[in-house]
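Okay, input_20.csv is below, CSV, C-alpha atoms and all ligand atoms:
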```
chain,number,residue,atom,x,y,z
A,2,MET,CA,298.8,142.2,62.6
A,3,ALA,CA,298.9,145.2,64.8
A,4,LYS,CA,298.3,148.7,63.6
A,5,SER,CA,299.4,152.0,65.1
A,6,LYS,CA,296.8,154.1,67.0
A,7,LYS,CA,297.0,156.6,64.2
A,8,GLY,CA,295.8,154.0,61.8
A,9,LYS,CA,299.0,153.7,59.9
A,10,GLU,CA,299.9,150.0,59.6
A,11,ARG,CA,303.2,149.0,60.9
A,12,LYS,CA,304.9,145.7,61.1
A,13,ALA,CA,305.0,145.7,63.9
A,14,MET,CA,319.1,132.1,94.4
A,15,GLU,CA,319.2,131.4,95.0
A,16,THR,CA,318.4,133.3,98.2
A,17,GLU,CA,320.8,132.8,101.0
A,18,GLY,CA,318.0,131.2,102.9
A,19,PHE,CA,314.2,131.1,102.8
A,20,GLU,CA,312.3,134.0,104.3
A,21,PRO,CA,310.6,133.2,107.6
A,22,GLY,CA,307.5,131.3,107.1
A,23,LEU,CA,308.7,129.6,104.0
A,24,PRO,CA,309.6,125.9,104.1
A,25,SER,CA,313.3,125.1,103.9
A,26,PRO,CA,314.4,123.3,100.8
A,27,ASP,CA,314.4,120.1,102.7
A,28,VAL,CA,310.7,120.3,103.3
A,29,LEU,CA,310.1,120.6,99.6
A,30,PRO,CA,309.0,117.2,98.4
A,31,MET,CA,310.8,115.6,95.5
A,32,ALA,CA,309.1,113.0,93.5
A,33,SER,CA,311.5,110.2,93.9
A,34,GLU,CA,309.5,107.7,91.9
A,35,PRO,CA,309.6,107.8,88.1
A,36,GLU,CA,307.0,110.0,86.4
A,37,ALA,CA,304.0,108.4,85.0
A,38,GLY,CA,304.8,106.5,81.8
A,39,PRO,CA,303.5,107.5,78.5
A,40,ALA,CA,301.2,110.2,79.9
A,41,GLY,CA,303.9,111.6,82.2
A,42,GLY,CA,305.9,113.7,79.7
A,43,THR,CA,303.5,116.4,78.6
A,44,ASP,CA,305.9,118.9,77.1
A,45,ASP,CA,304.8,117.9,73.7
A,46,ALA,CA,301.3,116.9,74.5
A,47,ASP,CA,298.3,119.0,75.0
A,48,ALA,CA,297.5,118.2,78.5
A,49,GLY,CA,294.1,119.8,78.1
A,50,SER,CA,293.2,118.4,74.8
A,51,SER,CA,291.3,115.4,76.2
A,52,LEU,CA,289.1,117.7,78.3
A,53,PRO,CA,285.4,117.7,77.4
A,54,GLU,CA,284.7,121.2,76.0
A,55,ALA,CA,281.3,120.9,77.5
A,56,ALA,CA,283.0,121.6,80.9
A,57,GLY,CA,283.0,125.2,79.8
A,58,GLU,CA,284.4,127.8,82.1
A,59,SER,CA,284.8,125.4,85.0
A,60,ALA,CA,287.3,123.3,83.0
A,61,ALA,CA,290.2,125.3,84.4
A,62,PRO,CA,291.5,123.5,87.5
A,63,THR,CA,290.4,125.3,90.6
A,64,LEU,CA,292.1,124.6,93.9
A,65,ASP,CA,290.8,124.3,97.4
A,66,LEU,CA,293.5,126.0,99.4
A,67,GLN,CA,292.0,124.7,102.6
A,68,ASP,CA,292.1,121.1,101.7
A,69,GLN,CA,295.8,120.2,101.7
A,70,SER,CA,295.0,116.6,100.9
A,71,VAL,CA,293.7,117.5,97.5
A,72,GLY,CA,296.6,119.1,95.7
A,73,ALA,CA,294.6,119.8,92.5
A,74,GLY,CA,293.6,116.4,91.4
A,75,ALA,CA,295.6,114.3,93.9
A,76,SER,CA,293.7,111.3,94.8
A,77,ALA,CA,294.2,107.7,95.9
A,78,ALA,CA,296.1,107.4,92.6
A,79,ASP,CA,298.8,109.5,94.1
A,80,GLU,CA,300.4,106.6,95.9
A,81,THR,CA,301.4,105.1,92.7
A,82,ASP,CA,301.3,108.3,90.7
A,83,GLN,CA,299.3,106.6,88.1
A,84,ALA,CA,298.3,109.1,85.5
A,85,ALA,CA,295.2,110.8,86.9
A,86,PRO,CA,292.6,111.3,84.3
A,87,VAL,CA,292.3,115.0,83.6
A,88,GLU,CA,288.5,114.7,83.5
A,89,GLU,CA,288.7,113.5,87.1
A,90,ALA,CA,290.6,116.6,88.1
A,91,ASN,CA,287.9,118.7,86.5
A,92,ALA,CA,285.1,116.8,88.2
A,93,GLU,CA,286.5,118.1,91.5
A,94,VAL,CA,285.8,121.7,90.7
A,95,PRO,CA,282.7,122.6,92.7
A,96,ALA,CA,280.3,124.8,90.7
A,97,GLU,CA,280.0,127.4,93.5
A,98,ARG,CA,283.8,128.1,93.2
A,99,ARG,CA,283.4,129.6,89.8
A,100,ILE,CA,284.3,133.2,89.9
A,101,PRO,CA,281.4,135.3,88.6
A,102,ASP,CA,281.8,137.3,85.4
A,103,PRO,CA,282.8,140.9,86.0
A,104,ALA,CA,280.2,143.7,85.6
A,105,PRO,CA,280.3,145.5,82.2
A,106,LEU,CA,281.9,148.9,82.3
A,107,THR,CA,280.3,152.0,80.9
A,108,THR,CA,283.3,154.3,81.4
A,109,HIS,CA,287.0,153.5,81.2
A,110,GLY,CA,290.1,154.3,83.4
A,111,PRO,CA,292.0,155.2,85.3
A,112,ALA,CA,294.1,152.1,84.8
A,113,ARG,CA,295.3,149.6,87.3
A,114,ILE,CA,298.9,149.0,86.4
A,115,ILE,CA,300.2,145.5,87.0
A,116,ALA,CA,303.7,144.2,86.6
A,117,MET,CA,304.2,140.5,85.5
A,118,VAL,CA,307.4,139.7,87.3
A,119,ASN,CA,309.7,136.8,88.0
A,120,GLN,CA,313.5,137.0,87.6
A,121,LYS,CA,313.5,133.4,86.6
A,122,GLY,CA,313.4,132.9,82.9
A,123,GLY,CA,310.8,130.9,80.9
A,124,VAL,CA,308.2,130.7,83.6
A,125,GLY,CA,305.3,132.0,81.6
A,126,LYS,CA,305.5,135.8,82.1
A,127,THR,CA,305.0,136.7,78.5
A,128,THR,CA,302.4,134.0,77.8
A,129,SER,CA,300.5,135.1,80.9
A,130,THR,CA,300.7,138.8,79.9
A,131,VAL,CA,299.3,138.3,76.4
A,132,SER,CA,296.7,135.6,77.5
A,133,LEU,CA,295.4,137.5,80.5
A,134,GLY,CA,295.4,140.8,78.6
A,135,ALA,CA,293.3,139.3,75.8
A,136,ALA,CA,291.0,137.6,78.3
A,137,LEU,CA,290.5,141.0,80.2
A,138,ALA,CA,289.8,142.7,76.8
A,139,GLY,CA,287.2,139.9,76.2
A,140,TYR,CA,285.4,141.1,79.4
A,141,GLY,CA,285.1,144.6,77.9
A,142,ARG,CA,288.2,146.1,79.6
A,143,LYS,CA,290.5,148.5,77.8
A,144,VAL,CA,293.9,146.9,78.1
A,145,LEU,CA,297.4,148.1,77.3
A,146,LEU,CA,300.2,145.6,77.2
A,147,VAL,CA,303.7,147.0,77.8
A,148,ASP,CA,306.6,144.9,76.3
A,149,PHE,CA,309.3,145.8,78.8
A,150,ASP,CA,311.7,143.1,77.8
A,151,PRO,CA,314.4,143.7,75.2
A,152,GLN,CA,313.7,140.2,73.9
A,153,GLY,CA,310.5,141.7,72.5
A,154,ALA,CA,308.7,138.3,73.0
A,155,LEU,CA,305.4,140.0,73.8
A,156,SER,CA,305.4,142.0,70.6
A,157,VAL,CA,306.2,138.8,68.7
A,158,ALA,CA,303.4,136.9,70.5
A,159,LEU,CA,301.0,139.6,69.1
A,160,GLY,CA,302.3,139.2,65.6
A,161,VAL,CA,304.4,142.4,65.6
A,162,ASN,CA,307.8,142.5,63.9
A,163,ALA,CA,309.3,144.9,66.4
A,164,TYR,CA,312.6,145.1,64.6
A,165,GLU,CA,310.9,147.1,61.8
A,166,LEU,CA,309.4,149.7,64.1
A,167,ASP,CA,310.7,153.2,64.2
A,168,LEU,CA,309.3,153.9,67.6
A,169,THR,CA,309.3,151.6,70.6
A,170,VAL,CA,309.3,151.9,74.4
A,171,TYR,CA,313.0,152.8,74.1
A,172,ASN,CA,312.2,156.1,72.4
A,173,LEU,CA,309.7,156.9,75.1
A,174,LEU,CA,312.2,156.3,77.8
A,175,THR,CA,315.1,158.3,76.3
A,176,GLN,CA,313.5,161.1,74.2
A,177,SER,CA,311.4,163.7,75.9
A,178,ASP,CA,309.7,164.8,72.6
A,179,CYS,CA,308.4,161.3,71.9
A,180,HIS,CA,304.7,160.8,72.9
A,181,VAL,CA,303.3,157.5,74.1
A,182,GLY,CA,300.3,157.8,71.8
A,183,ASP,CA,302.6,157.7,68.8
A,184,VAL,CA,304.1,154.4,69.9
A,185,ILE,CA,301.0,152.5,71.0
A,186,LEU,CA,299.8,149.9,68.4
A,187,SER,CA,296.3,148.5,68.3
A,188,THR,CA,296.0,144.8,67.9
A,189,ASP,CA,293.5,142.5,66.2
A,190,VAL,CA,291.9,141.9,69.6
A,191,GLU,CA,289.3,144.6,70.3
A,192,GLY,CA,290.3,146.6,73.3
A,193,LEU,CA,293.8,145.3,73.4
A,194,ASP,CA,296.7,147.7,72.6
A,195,LEU,CA,300.5,147.2,72.7
A,196,LEU,CA,303.5,149.3,73.6
A,197,PRO,CA,306.2,147.4,71.6
A,198,SER,CA,309.8,146.8,72.4
A,199,ASN,CA,312.9,145.4,70.8
A,200,ILE,CA,316.6,145.0,71.5
A,201,ASP,CA,317.0,148.8,71.7
A,202,LEU,CA,315.4,148.7,75.2
A,203,SER,CA,318.6,147.1,76.5
A,204,ALA,CA,320.4,150.4,75.7
A,205,ALA,CA,317.8,152.4,77.6
A,206,GLU,CA,318.8,150.5,80.8
A,207,VAL,CA,322.4,151.8,80.4
A,208,GLN,CA,321.3,155.3,79.5
A,209,LEU,CA,318.9,155.5,82.5
A,210,VAL,CA,321.5,154.6,85.1
A,211,SER,CA,322.9,158.2,85.2
A,212,GLU,CA,319.5,159.9,85.3
A,213,VAL,CA,317.9,161.5,88.3
A,214,GLY,CA,314.7,159.5,89.1
A,215,ARG,CA,315.8,156.7,87.0
A,216,GLU,CA,313.5,154.2,88.7
A,217,HIS,CA,310.4,156.3,87.7
A,218,ALA,CA,311.0,156.7,84.0
A,219,LEU,CA,308.3,154.2,82.9
A,220,GLY,CA,305.8,155.7,85.3
A,221,ARG,CA,306.4,159.1,83.6
A,222,VAL,CA,305.9,157.5,80.2
A,223,LEU,CA,302.6,155.9,81.2
A,224,ALA,CA,301.1,158.8,83.1
A,225,PRO,CA,299.5,160.5,80.1
A,226,ILE,CA,297.5,157.5,79.0
A,227,VAL,CA,296.5,156.0,82.4
A,228,ASP,CA,293.0,157.4,82.1
A,229,GLU,CA,292.4,155.8,78.7
A,230,TYR,CA,292.8,152.2,80.0
A,231,ASP,CA,291.3,150.0,82.7
A,232,ILE,CA,294.3,147.7,83.0
A,233,VAL,CA,298.0,148.0,82.0
A,234,LEU,CA,300.0,144.8,82.1
A,235,ILE,CA,303.8,145.2,82.0
A,236,ASP,CA,305.7,142.1,80.8
A,237,CYS,CA,309.1,142.2,82.5
A,238,GLN,CA,312.5,140.7,81.6
A,239,PRO,CA,313.9,137.9,83.6
A,240,SER,CA,316.0,139.9,85.9
A,241,LEU,CA,315.7,142.3,88.9
A,242,GLY,CA,317.6,145.1,87.2
A,243,LEU,CA,316.7,148.7,86.5
A,244,LEU,CA,314.0,147.9,84.0
A,245,THR,CA,312.1,145.6,86.4
A,246,LEU,CA,312.5,148.2,89.2
A,247,ASN,CA,310.9,150.8,86.8
A,248,ALA,CA,308.0,148.4,86.2
A,249,LEU,CA,307.5,147.8,90.0
A,250,SER,CA,307.7,151.6,90.6
A,251,ALA,CA,305.0,152.3,88.0
A,252,SER,CA,302.7,149.6,89.2
A,253,SER,CA,300.1,149.2,92.0
A,254,GLY,CA,300.1,145.4,91.7
A,255,VAL,CA,302.4,142.5,90.9
A,256,ILE,CA,301.5,139.1,89.4
A,257,ILE,CA,304.2,136.5,89.8
A,258,PRO,CA,303.9,133.7,87.3
A,259,MET,CA,305.7,130.6,88.6
A,260,GLU,CA,306.5,127.4,86.9
A,261,THR,CA,305.1,124.5,89.0
A,262,GLU,CA,308.6,123.1,89.4
A,263,TYR,CA,310.8,122.3,92.4
A,264,PHE,CA,313.3,125.1,92.3
A,265,ALA,CA,310.8,127.8,91.5
A,266,LEU,CA,309.9,128.4,95.2
A,267,ARG,CA,313.3,129.8,96.0
A,268,GLY,CA,313.1,132.4,93.2
A,269,VAL,CA,309.7,133.5,94.4
A,270,ALA,CA,311.1,134.0,97.9
A,271,LEU,CA,313.9,136.2,96.6
A,272,LEU,CA,311.4,138.2,94.4
A,273,LYS,CA,309.1,138.8,97.4
A,274,ASP,CA,312.1,140.2,99.2
A,275,THR,CA,312.8,142.6,96.4
A,276,ILE,CA,309.1,143.6,96.2
A,277,ASP,CA,309.2,144.4,99.9
A,278,LYS,CA,312.3,146.6,99.4
A,279,VAL,CA,310.5,148.5,96.5
A,280,THR,CA,307.4,148.9,98.6
A,281,SER,CA,309.4,150.5,101.4
A,282,ARG,CA,311.8,152.6,99.3
A,283,LEU,CA,310.2,153.4,96.0
A,284,ASN,CA,306.5,152.7,95.8
A,285,PRO,CA,304.4,152.2,99.0
A,286,ASN,CA,301.3,151.5,96.9
A,287,LEU,CA,302.7,148.2,95.5
A,288,GLU,CA,301.1,144.9,96.5
A,289,VAL,CA,301.3,141.4,95.3
A,290,ILE,CA,298.0,140.5,93.6
A,291,GLY,CA,298.9,136.9,93.3
A,292,VAL,CA,301.2,134.0,92.5
A,293,LEU,CA,300.2,132.2,89.4
A,294,ALA,CA,301.2,128.5,89.1
A,295,THR,CA,301.9,127.8,85.4
A,296,MET,CA,302.9,124.8,83.4
A,297,TYR,CA,301.1,122.5,85.8
A,298,ASP,CA,300.8,118.9,84.9
A,299,PRO,CA,298.1,117.2,87.0
A,300,ARG,CA,299.3,113.8,85.8
A,301,THR,CA,302.7,114.0,87.6
A,302,LEU,CA,303.2,113.6,91.4
A,303,HIS,CA,306.0,116.2,91.2
A,304,SER,CA,303.7,118.9,89.9
A,305,ARG,CA,301.0,118.1,92.4
A,306,GLU,CA,303.4,118.1,95.3
A,307,VAL,CA,305.1,121.4,94.3
A,308,LEU,CA,301.7,123.1,93.9
A,309,GLN,CA,300.7,121.9,97.4
A,310,THR,CA,303.9,123.3,98.8
A,311,VAL,CA,303.5,126.6,97.0
A,312,GLN,CA,300.0,126.9,98.5
A,313,GLN,CA,301.3,126.1,102.0
A,314,ALA,CA,304.1,128.7,101.6
A,315,PHE,CA,302.1,131.5,100.1
A,316,GLY,CA,298.5,130.8,101.2
A,317,ASP,CA,295.8,132.9,99.7
A,318,THR,CA,298.3,134.8,97.6
A,319,VAL,CA,298.2,131.9,95.2
A,320,PHE,CA,295.6,132.2,92.6
A,321,GLN,CA,292.9,129.5,92.5
A,322,THR,CA,293.5,129.4,88.8
A,323,VAL,CA,296.3,127.1,87.7
A,324,ILE,CA,297.6,127.1,84.2
A,325,ASN,CA,298.2,123.6,82.8
A,326,ARG,CA,301.1,122.7,80.6
A,327,THR,CA,299.8,122.5,77.0
A,328,VAL,CA,301.5,122.8,73.6
A,329,LYS,CA,298.7,125.1,72.6
A,330,PHE,CA,300.6,128.0,74.2
A,331,PRO,CA,303.8,127.8,72.1
A,332,ASP,CA,301.6,127.1,69.1
A,333,ALA,CA,299.6,130.3,69.8
A,334,ALA,CA,302.9,132.3,70.2
A,335,VAL,CA,304.1,131.0,66.8
A,336,ALA,CA,300.8,132.0,65.3
A,337,GLY,CA,301.2,135.5,66.8
A,338,GLU,CA,297.8,135.3,68.6
A,339,PRO,CA,296.7,135.2,72.2
A,340,ILE,CA,295.4,131.7,73.1
A,341,THR,CA,291.9,133.2,73.5
A,342,GLU,CA,291.9,133.9,69.8
A,343,PHE,CA,294.0,131.0,68.6
A,344,ALA,CA,292.1,128.3,70.5
A,345,PRO,CA,289.2,130.0,72.2
A,346,SER,CA,287.6,126.8,73.5
A,347,SER,CA,290.8,125.2,74.8
A,348,THR,CA,291.4,124.6,78.5
A,349,GLY,CA,294.3,127.1,78.3
A,350,ALA,CA,292.0,129.9,77.1
A,351,ASP,CA,289.4,128.9,79.8
A,352,ALA,CA,292.1,129.1,82.4
A,353,TYR,CA,293.2,132.6,81.5
A,354,ARG,CA,289.5,133.8,81.3
A,355,GLN,CA,289.2,132.4,84.8
A,356,LEU,CA,292.3,134.2,85.9
A,357,ALA,CA,291.0,137.4,84.4
A,358,ARG,CA,287.8,137.1,86.6
A,359,GLU,CA,290.0,136.3,89.6
A,360,VAL,CA,292.2,139.4,89.0
A,361,LEU,CA,289.2,141.6,88.6
A,362,ALA,CA,287.8,140.2,91.8
A,363,ARG,CA,291.0,140.9,93.8
B,401,LIG,N1,301.2,126.7,80.2
B,401,LIG,C1,302.2,126.4,79.3
B,401,LIG,N2,302.3,125.2,78.8
B,401,LIG,C2,303.2,124.9,77.9
B,401,LIG,N3,304.1,125.8,77.4
B,401,LIG,C3,304.1,127.0,77.9
B,401,LIG,C4,303.1,127.4,78.9
B,401,LIG,N4,303.3,128.7,79.2
B,401,LIG,C5,304.4,129.1,78.5
B,401,LIG,N5,304.8,128.1,77.7
B,401,LIG,C6,305.9,128.2,76.7
B,401,LIG,O1,307.1,128.2,77.5
B,401,LIG,C7,308.1,129.1,76.9
B,401,LIG,C8,308.4,130.2,77.9
B,401,LIG,O2,307.2,130.9,78.2
B,401,LIG,P1,307.2,132.5,78.3
B,401,LIG,O3,308.0,133.1,77.2
B,401,LIG,O4,305.8,133.0,78.5
B,401,LIG,O5,308.1,132.7,79.6
B,401,LIG,P2,308.8,134.0,80.2
B,401,LIG,O6,308.8,133.9,81.7
B,401,LIG,O7,308.2,135.2,79.6
B,401,LIG,O8,310.2,133.8,79.6
B,401,LIG,P3,311.4,134.9,79.7
B,401,LIG,O9,311.9,135.0,81.1
B,401,LIG,O10,312.5,134.4,78.8
B,401,LIG,O11,310.8,136.2,79.3
B,401,LIG,C9,307.4,129.6,75.7
B,401,LIG,O12,307.9,128.8,74.6
B,401,LIG,C10,305.9,129.4,75.9
B,401,LIG,O13,305.2,129.2,74.7
B,402,MG,MG,309.1,136.8,78.6
```
Translate this structure into structure tokens?
Ligand SMILES: Nc1ncnc2c1ncn2[C@@H]1O[C@H](COP(=O)(O)OP(=O)(O)OP(=O)(O)O)[C@@H](O)[C@H]1O
Ligand SMILES: [Mg+2]
Amino acid sequence: MAKSKKGKERKAMETEGFEPGLPSPDVLPMASEPEAGPAGGTDDADAGSSLPEAAGESAAPTLDLQDQSVGAGASAADETDQAAPVEEANAEVPAERRIPDPAPLTTHGPARIIAMVNQKGGVGKTTSTVSLGAALAGYGRKVLLVDFDPQGALSVALGVNAYELDLTVYNLLTQSDCHVGDVILSTDVEGLDLLPSNIDLSAAEVQLVSEVGREHALGRVLAPIVDEYDIVLIDCQPSLGLLTLNALSASSGVIIPMETEYFALRGVALLKDTIDKVTSRLNPNLEVIGVLATMYDPRTLHSREVLQTVQQAFGDTVFQTVINRTVKFPDAAVAGEPITEFAPSSTGADAYRQLAREVLAR
């Protein structure tokens, strides 16, 4: 249950072609052979549940971007795409690749503002926003999560009933007398706050169209509280419309969650094109912090090959951290808790803690 800052409890591409340097669709490998039998379909299985918890922080799969033959767990078993034991994949993580814990902070702010963007739907933007935010808060960072999607999924994922709220991001965008401090809710996770949204936000997009400086409305909303936080994460809607442009204008960095799936590459190429346009026309400080591979299944050849292609296409921009597909994530969302609270010792929680260290190190 989230509570307001004032202590009052509230229920709360297809691109025409690939950009230069990207492989053409023909180069993208397709797994022609059937996926591994019973272990292949992991949508309903916790891909990480068989992992030994003793593996600790290094349990999250870490990739060697230089070694193209590896592909996160690819081995001799690839030829037949036999289900590679997940333990085997973890055994490949060399200890020295563990990203060190960030130094504790004694003071807070000003915040680094990061947009979580991908115009493709259902790729893990909201899950990554809440999980990364909670993991960063676990490292002593003061984190504000901005629900910038009229679906309000981020608010729901934090146990907030956004439809019962009087004030949301919509009010901040459209009413000059509404102060951001009145809308921010604190959550059950220490150091983690939320700017909630609901369907009202879709009206804001229409209202903003006729305004001067319409792409900078969110930046103006966040300006008064930037010094109070270390990180602000903005969960964007699956489109490249005005709301997403606002998020990109307000941010210094972008994280692109990308489902480890064949068609995902095309969407990321289009998105990088948009980000380049925003950088040249609206926000010269904007840079891509990283591409995050999500919903990865180390037991399928398809996942491993797509991941390898993503690394070839985007190089070091791809985070070492890869998020496995596991049913723990939808379970955590239903429970209204970040994975780091819902299943703190799960491989999913480990992976987002590793991502948090990686983001802080970039
Ligand atoms: N690593 C994962 N493994 C399994 N399921 C996942 C994973 N990450 C996210 N999911 C689930 O996939 C669905 C879509 O995820 P999410 O809502 O985070 O995507 P999104 O990009 O924010 O979607 P949208 O574009 O609609 O906002 C959710 O049901 C979520 O619980
Ligand atoms: Mg979402």
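Atom C10 of ligand LIG 401 (chain B) is positioned 9.4 Å from atom CA of A:Val335.
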- Item | Selected residue, from A:Leu168, A:Val147, A:Ala224, A:Val328, that lies nearest to ligand MG 402 (chain B) when counting all atoms listed in the file |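 For ligand MG 402 (chain B), the nearest of the given residues is A:Val147.
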- Message: Using only C-alpha atoms and all ligand atoms, which residues of the polymer chains come no farther than 9 Å from ligand LIG 401 (chain B)? I'd like the answer as a PyMOL selection string.
- Response: chain A and resi 43-48+117-131+150+152-155+158+236-240+258-260+295-298+323-335+349
Go ahead and write the selection's residues with C-alpha atoms as a CSV table (one decimal), in the frame of the given file.
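Contents of result-v1.csv, as written:
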```csv
chain,number,residue,atom,x,y,z
A,43,THR,CA,303.5,116.4,78.6
A,44,ASP,CA,305.9,118.9,77.1
A,45,ASP,CA,304.8,117.9,73.7
A,46,ALA,CA,301.3,116.9,74.5
A,47,ASP,CA,298.3,119.0,75.0
A,48,ALA,CA,297.5,118.2,78.5
A,117,MET,CA,304.2,140.5,85.5
A,118,VAL,CA,307.4,139.7,87.3
A,119,ASN,CA,309.7,136.8,88.0
A,120,GLN,CA,313.5,137.0,87.6
A,121,LYS,CA,313.5,133.4,86.6
A,122,GLY,CA,313.4,132.9,82.9
A,123,GLY,CA,310.8,130.9,80.9
A,124,VAL,CA,308.2,130.7,83.6
A,125,GLY,CA,305.3,132.0,81.6
A,126,LYS,CA,305.5,135.8,82.1
A,127,THR,CA,305.0,136.7,78.5
A,128,THR,CA,302.4,134.0,77.8
A,129,SER,CA,300.5,135.1,80.9
A,130,THR,CA,300.7,138.8,79.9
A,131,VAL,CA,299.3,138.3,76.4
A,150,ASP,CA,311.7,143.1,77.8
A,152,GLN,CA,313.7,140.2,73.9
A,153,GLY,CA,310.5,141.7,72.5
A,154,ALA,CA,308.7,138.3,73.0
A,155,LEU,CA,305.4,140.0,73.8
A,158,ALA,CA,303.4,136.9,70.5
A,236,ASP,CA,305.7,142.1,80.8
A,237,CYS,CA,309.1,142.2,82.5
A,238,GLN,CA,312.5,140.7,81.6
A,239,PRO,CA,313.9,137.9,83.6
A,240,SER,CA,316.0,139.9,85.9
A,258,PRO,CA,303.9,133.7,87.3
A,259,MET,CA,305.7,130.6,88.6
A,260,GLU,CA,306.5,127.4,86.9
A,295,THR,CA,301.9,127.8,85.4
A,296,MET,CA,302.9,124.8,83.4
A,297,TYR,CA,301.1,122.5,85.8
A,298,ASP,CA,300.8,118.9,84.9
A,323,VAL,CA,296.3,127.1,87.7
A,324,ILE,CA,297.6,127.1,84.2
A,325,ASN,CA,298.2,123.6,82.8
A,326,ARG,CA,301.1,122.7,80.6
A,327,THR,CA,299.8,122.5,77.0
A,328,VAL,CA,301.5,122.8,73.6
A,329,LYS,CA,298.7,125.1,72.6
A,330,PHE,CA,300.6,128.0,74.2
A,331,PRO,CA,303.8,127.8,72.1
A,332,ASP,CA,301.6,127.1,69.1
A,333,ALA,CA,299.6,130.3,69.8
A,334,ALA,CA,302.9,132.3,70.2
A,335,VAL,CA,304.1,131.0,66.8
A,349,GLY,CA,294.3,127.1,78.3
```
- Message: Please report the interatomic distance between atom CA of A:Leu308 and atom CA of A:Ile115 in Å with one decimal.
- Response: 23.5 Å
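Between atom CA of A:Gly141 and atom CA of A:Ala104 there is a distance of 9.2 Å.
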- Point (308.3, 155.8, 95.9) neighbourhood (12 Å, all atoms listed in the file) written as JSON, numbers by chain: {"A": [214, 215, 216, 217, 220, 246, 247, 249, 250, 251, 252, 253, 278, 279, 280, 281, 282, 283, 284, 285, 286, 287]}
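Minimum distance to ligand MG 402 (chain B) across A:Tyr164, A:Phe315, A:Phe149, A:Tyr263 (counting only C-alpha atoms and all ligand atoms) occurs at A:Phe149.
Shortest separation to A:Arg363 among A:Gln313, A:Thr108, A:Thr261, A:Gln321 occurs at residue A:Gln321, atoms counted being all atoms listed in the file.
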